[in-house]
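Engineer: Before I ask anything, here is the structure I am working with.
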Amino acid sequence: MAHSGFRGRLTRFLLAFAVLLVLVSLRTKTFAAADDGAGGGGGGNCNADLSSVLPPPFSNMSFAHCKPVWNTYAIRFVDTKEHVLTIVLSAEYTTGWVGIGFSKDGKMVGSSAMVGWINRHGRAKIKQYYLRGLKASEVIPEKGELPLTNVPAAVVLHEATIHLAFQLKFEHALRGQPILLAFSTAYPTHHHLSKHVDKTTIMFDFAEDPYPETKNYNQFKKNHGILAIFGWALVLPFGAIVARYFKHKDPLWYYLHTVIQFVGFIFVLSAVVVGQVLYNGIDANVPAHRNIGIFAFVLIILQILAFFVRPDVDSKIRRYWNWYHHWFGRLALFFGAVNIVLGIQVGGAGNSWKIGYGFLLSVILVTVIVLEALSWMRRSDKTGQHPAFQMNPI
């Protein structure tokens, strides 16, 4: 009776928590940007006075609008009624190049960018590039679709900060413009760019607003990956391990399994919500990753529903419920693992992500192998034991 009462209270608690979590997720349509400039290098770049740093005519302009956007990057801009847009990109600089690109859909391919650097001889260089493809040979200098005015673009290194200044003429004000930011520590060779060290995509509003809306979708991508790995590769497998190898600790294994799997579901649900924001923000074209993720998430929801319709141990349908629960759970974990690998690939994650996930997956596999071996040995010992009996004397 005590076991049944505790299970009922646990069920009501988990159900109420799930409803609350879903309501919060539906209400949260967006997330705060990863770097709002507080305490960062970008805020310092916004505070700098460029009137004595930039060449004319940029030095004569009043850049009332400045926004830290990513790492130490800050964007200043001023727009006229004729939609002449003057932009200054500022960032900390050591070597290599710094670039800002304008995209139609948030993707690199088909974009045009302004890239600036100070070469080994101390000479400033700034050029427009057309990003025809992902390969270095497909980043073409002196090409692009940016409507540059007759005002020459300029690049200036002041102390440890580089400033790229240029002017564009549009037919309409730019609102919700996808902006690409990237840098490399290697110098261009004959004006051909080396591969970037890091990059991000933001959505920037160039309307006359002192606080333009920005979203760091690169941070969304990282958050999506971290939540998915925690849910699919750590918490949910650990809950499955508890259910398979610790049933001799009854009823502790049941409560641990239920709570752990519900926590895993929270991580997976959070990853789905962040992924949806990311998908809508940059119009990502990753159908395989998205469809597999949706399929695996549906399997997890079915597992949650199975918790509420779990029949009694002596029920005639308990065997079929066990088959359903076990195999749907295994399928969910399998497709979750496959989708993590696919997400790392399509997201362009670095080797650190691959090594980290490979290490975590190896730990899980080794743990399962060790526990399976111990379980097999325990079953063998029980099979080898014979019941003691006493012979009656003749």
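By convention here, the chains of the structure tokens are called A, B, ... in the order presented, each chain's residues are numbered starting at 1, and ligands are numbered starting at 1 in the order presented.
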Leaving out range 350-367 of chain A and any residue of its chain fewer than 5 positions from it, which residues lie within 9 Å of it when counting only C-alpha atoms, given as a PDB file with all heavy atoms, in the first residue's frame?
Structural biologist:
ATOM      1  N   ILE A 229      23.284  16.348 -26.257  1.00  0.00           N
ATOM      2  CA  ILE A 229      24.268  15.372 -25.779  1.00  0.00           C
ATOM      3  C   ILE A 229      23.989  14.983 -24.333  1.00  0.00           C
ATOM      4  O   ILE A 229      24.047  13.797 -23.971  1.00  0.00           O
ATOM      5  CB  ILE A 229      25.693  15.927 -25.943  1.00  0.00           C
ATOM      6  CG1 ILE A 229      26.066  15.970 -27.431  1.00  0.00           C
ATOM      7  CG2 ILE A 229      26.703  15.082 -25.177  1.00  0.00           C
ATOM      8  CD1 ILE A 229      27.428  16.566 -27.711  1.00  0.00           C
ATOM      9  N   ALA A 233      22.868  11.281 -24.746  1.00  0.00           N
ATOM     10  CA  ALA A 233      24.106  10.511 -24.582  1.00  0.00           C
ATOM     11  C   ALA A 233      24.521  10.301 -23.133  1.00  0.00           C
ATOM     12  O   ALA A 233      25.451   9.530 -22.887  1.00  0.00           O
ATOM     13  CB  ALA A 233      25.252  11.197 -25.336  1.00  0.00           C
ATOM     14  N   LEU A 234      23.872  10.966 -22.186  1.00  0.00           N
ATOM     15  CA  LEU A 234      24.283  10.818 -20.792  1.00  0.00           C
ATOM     16  C   LEU A 234      23.126  10.399 -19.892  1.00  0.00           C
ATOM     17  O   LEU A 234      23.147   9.310 -19.308  1.00  0.00           O
ATOM     18  CB  LEU A 234      24.887  12.137 -20.284  1.00  0.00           C
ATOM     19  CG  LEU A 234      25.393  12.125 -18.838  1.00  0.00           C
ATOM     20  CD1 LEU A 234      26.520  11.111 -18.678  1.00  0.00           C
ATOM     21  CD2 LEU A 234      25.858  13.514 -18.411  1.00  0.00           C
ATOM     22  N   PRO A 237      20.677   7.213 -21.352  1.00  0.00           N
ATOM     23  CA  PRO A 237      21.370   5.916 -21.258  1.00  0.00           C
ATOM     24  C   PRO A 237      21.613   5.481 -19.815  1.00  0.00           C
ATOM     25  O   PRO A 237      21.507   4.290 -19.488  1.00  0.00           O
ATOM     26  CB  PRO A 237      22.696   6.167 -21.993  1.00  0.00           C
ATOM     27  CG  PRO A 237      22.393   7.262 -22.937  1.00  0.00           C
ATOM     28  CD  PRO A 237      21.426   8.151 -22.215  1.00  0.00           C
ATOM     29  N   PHE A 238      21.940   6.418 -18.931  1.00  0.00           N
ATOM     30  CA  PHE A 238      22.160   6.066 -17.530  1.00  0.00           C
ATOM     31  C   PHE A 238      20.878   5.539 -16.897  1.00  0.00           C
ATOM     32  O   PHE A 238      20.898   4.576 -16.127  1.00  0.00           O
ATOM     33  CB  PHE A 238      22.670   7.290 -16.773  1.00  0.00           C
ATOM     34  CG  PHE A 238      22.985   7.016 -15.331  1.00  0.00           C
ATOM     35  CD1 PHE A 238      24.016   6.162 -14.969  1.00  0.00           C
ATOM     36  CD2 PHE A 238      22.231   7.609 -14.328  1.00  0.00           C
ATOM     37  CE1 PHE A 238      24.301   5.905 -13.640  1.00  0.00           C
ATOM     38  CE2 PHE A 238      22.505   7.360 -12.994  1.00  0.00           C
ATOM     39  CZ  PHE A 238      23.545   6.498 -12.652  1.00  0.00           C
ATOM     40  N   ILE A 241      20.383   2.027 -18.056  1.00  0.00           N
ATOM     41  CA  ILE A 241      21.314   1.132 -17.352  1.00  0.00           C
ATOM     42  C   ILE A 241      20.768   0.763 -15.972  1.00  0.00           C
ATOM     43  O   ILE A 241      20.829  -0.399 -15.544  1.00  0.00           O
ATOM     44  CB  ILE A 241      22.699   1.806 -17.234  1.00  0.00           C
ATOM     45  CG1 ILE A 241      23.378   1.833 -18.601  1.00  0.00           C
ATOM     46  CG2 ILE A 241      23.574   1.082 -16.218  1.00  0.00           C
ATOM     47  CD1 ILE A 241      24.667   2.618 -18.624  1.00  0.00           C
ATOM     48  N   ALA A 337      21.455   8.808 -30.730  1.00  0.00           N
ATOM     49  CA  ALA A 337      22.910   8.774 -30.936  1.00  0.00           C
ATOM     50  C   ALA A 337      23.268   9.071 -32.386  1.00  0.00           C
ATOM     51  O   ALA A 337      24.216   9.822 -32.672  1.00  0.00           O
ATOM     52  CB  ALA A 337      23.448   7.406 -30.521  1.00  0.00           C
ATOM     53  N   ILE A 340      22.935  12.789 -33.053  1.00  0.00           N
ATOM     54  CA  ILE A 340      24.021  13.606 -32.500  1.00  0.00           C
ATOM     55  C   ILE A 340      25.204  13.630 -33.462  1.00  0.00           C
ATOM     56  O   ILE A 340      25.790  14.678 -33.736  1.00  0.00           O
ATOM     57  CB  ILE A 340      24.449  13.078 -31.124  1.00  0.00           C
ATOM     58  CG1 ILE A 340      23.354  13.357 -30.091  1.00  0.00           C
ATOM     59  CG2 ILE A 340      25.757  13.726 -30.682  1.00  0.00           C
ATOM     60  CD1 ILE A 340      23.639  12.771 -28.732  1.00  0.00           C
ATOM     61  N   VAL A 341      25.559  12.451 -33.988  1.00  0.00           N
ATOM     62  CA  VAL A 341      26.650  12.382 -34.959  1.00  0.00           C
ATOM     63  C   VAL A 341      26.330  13.221 -36.189  1.00  0.00           C
ATOM     64  O   VAL A 341      27.174  13.970 -36.693  1.00  0.00           O
ATOM     65  CB  VAL A 341      26.924  10.915 -35.349  1.00  0.00           C
ATOM     66  CG1 VAL A 341      27.971  10.839 -36.447  1.00  0.00           C
ATOM     67  CG2 VAL A 341      27.368  10.105 -34.132  1.00  0.00           C
ATOM     68  N   ILE A 344      26.569  16.976 -35.332  1.00  0.00           N
ATOM     69  CA  ILE A 344      27.957  17.437 -35.278  1.00  0.00           C
ATOM     70  C   ILE A 344      28.504  17.655 -36.687  1.00  0.00           C
ATOM     71  O   ILE A 344      29.251  18.597 -36.951  1.00  0.00           O
ATOM     72  CB  ILE A 344      28.825  16.425 -34.505  1.00  0.00           C
ATOM     73  CG1 ILE A 344      28.441  16.426 -33.019  1.00  0.00           C
ATOM     74  CG2 ILE A 344      30.310  16.730 -34.655  1.00  0.00           C
ATOM     75  CD1 ILE A 344      29.159  15.376 -32.200  1.00  0.00           C
ATOM     76  N   GLU A 372      27.056  -5.937 -18.020  1.00  0.00           N
ATOM     77  CA  GLU A 372      26.491  -7.122 -18.676  1.00  0.00           C
ATOM     78  C   GLU A 372      27.291  -8.366 -18.309  1.00  0.00           C
ATOM     79  O   GLU A 372      26.722  -9.442 -18.070  1.00  0.00           O
ATOM     80  CB  GLU A 372      26.475  -6.911 -20.187  1.00  0.00           C
ATOM     81  CG  GLU A 372      25.737  -7.990 -20.966  1.00  0.00           C
ATOM     82  CD  GLU A 372      24.245  -7.959 -20.712  1.00  0.00           C
ATOM     83  OE1 GLU A 372      23.697  -6.883 -20.419  1.00  0.00           O
ATOM     84  OE2 GLU A 372      23.624  -9.054 -20.817  1.00  0.00           O
TER      85      GLU A 372
END
Engineer: Can you list, as a list in words, every protein, DNA or RNA residue that comes within 6 Å of range 322-336 of chain A when you count only C-alpha atoms, leaving out same-chain residues fewer than 4 positions away?
Structural biologist: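 Those residues are Trp232, Ala296 and Leu299 of chain A.
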Engineer: When DSSP works through the backbone of this structure, what residues of range 124-276 of chain A end up as alpha helix (DSSP H), shown as a ChimeraX atom specification?
Structural biologist: /A:217-228,236-245,252-276
Engineer: For the residues in that selection, give me C-alpha atoms as a JSON list (two decimals), in the first residue's frame.
Structural biologist:
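Contents of again-v4.json, freshly written:
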[["chain", "number", "residue", "atom", "x", "y", "z"],
["A", 217, "TYR", "CA", 22.65, 31.90, -33.52],
["A", 218, "ASN", "CA", 26.09, 30.41, -33.13],
["A", 219, "GLN", "CA", 25.46, 30.25, -29.36],
["A", 220, "PHE", "CA", 22.02, 28.72, -30.03],
["A", 221, "LYS", "CA", 23.76, 26.02, -32.02],
["A", 222, "LYS", "CA", 26.15, 25.27, -29.14],
["A", 223, "ASN", "CA", 23.31, 25.21, -26.60],
["A", 224, "HIS", "CA", 21.30, 22.89, -28.84],
["A", 225, "GLY", "CA", 24.23, 20.49, -29.10],
["A", 226, "ILE", "CA", 25.03, 20.54, -25.37],
["A", 227, "LEU", "CA", 21.42, 19.90, -24.36],
["A", 228, "ALA", "CA", 21.05, 17.08, -26.89],
["A", 236, "LEU", "CA", 18.75, 8.70, -20.82],
["A", 237, "PRO", "CA", 21.37, 5.92, -21.26],
["A", 238, "PHE", "CA", 22.16, 6.07, -17.53],
["A", 239, "GLY", "CA", 18.46, 5.66, -16.73],
["A", 240, "ALA", "CA", 18.25, 2.66, -19.05],
["A", 241, "ILE", "CA", 21.31, 1.13, -17.35],
["A", 242, "VAL", "CA", 19.63, 1.47, -13.95],
["A", 243, "ALA", "CA", 16.51, -0.31, -15.23],
["A", 244, "ARG", "CA", 18.43, -3.21, -16.77],
["A", 245, "TYR", "CA", 21.13, -3.95, -14.20],
["A", 252, "LEU", "CA", 14.72, 1.76, -5.59],
["A", 253, "TRP", "CA", 15.59, 0.98, -9.21],
["A", 254, "TYR", "CA", 12.07, 1.92, -10.34],
["A", 255, "TYR", "CA", 12.10, 5.34, -8.69],
["A", 256, "LEU", "CA", 15.62, 6.08, -9.92],
["A", 257, "HIS", "CA", 14.75, 4.98, -13.45],
["A", 258, "THR", "CA", 11.60, 7.12, -13.51],
["A", 259, "VAL", "CA", 13.22, 10.29, -12.19],
["A", 260, "ILE", "CA", 16.38, 9.95, -14.32],
["A", 261, "GLN", "CA", 14.40, 9.37, -17.52],
["A", 262, "PHE", "CA", 12.17, 12.32, -16.79],
["A", 263, "VAL", "CA", 15.23, 14.54, -16.31],
["A", 264, "GLY", "CA", 16.54, 13.22, -19.64],
["A", 265, "PHE", "CA", 13.22, 14.10, -21.25],
["A", 266, "ILE", "CA", 13.61, 17.68, -19.95],
["A", 267, "PHE", "CA", 17.04, 17.95, -21.59],
["A", 268, "VAL", "CA", 15.72, 16.54, -24.87],
["A", 269, "LEU", "CA", 12.69, 18.83, -24.82],
["A", 270, "SER", "CA", 14.93, 21.83, -24.20],
["A", 271, "ALA", "CA", 17.17, 20.78, -27.10],
["A", 272, "VAL", "CA", 14.10, 20.56, -29.35],
["A", 273, "VAL", "CA", 12.91, 24.04, -28.34],
["A", 274, "VAL", "CA", 16.35, 25.61, -28.92],
["A", 275, "GLY", "CA", 16.66, 23.73, -32.20],
["A", 276, "GLN", "CA", 13.30, 25.07, -33.37]]
Engineer: Which residue out of A:His192, A:Glu159, A:Ala165, A:Thr201 has the minimum interatomic distance to Ser111 in chain A when only C-alpha atoms are used?
Structural biologist: A:Thr201
Engineer: Name all residues at most 7 Å from Leu50 in chain A (count only C-alpha atoms; drop same-chain ones fewer than 3 positions away) and give them as a list in words.
Structural biologist: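 Everything that qualifies: Val53, Leu54 and Ser59 of chain A.
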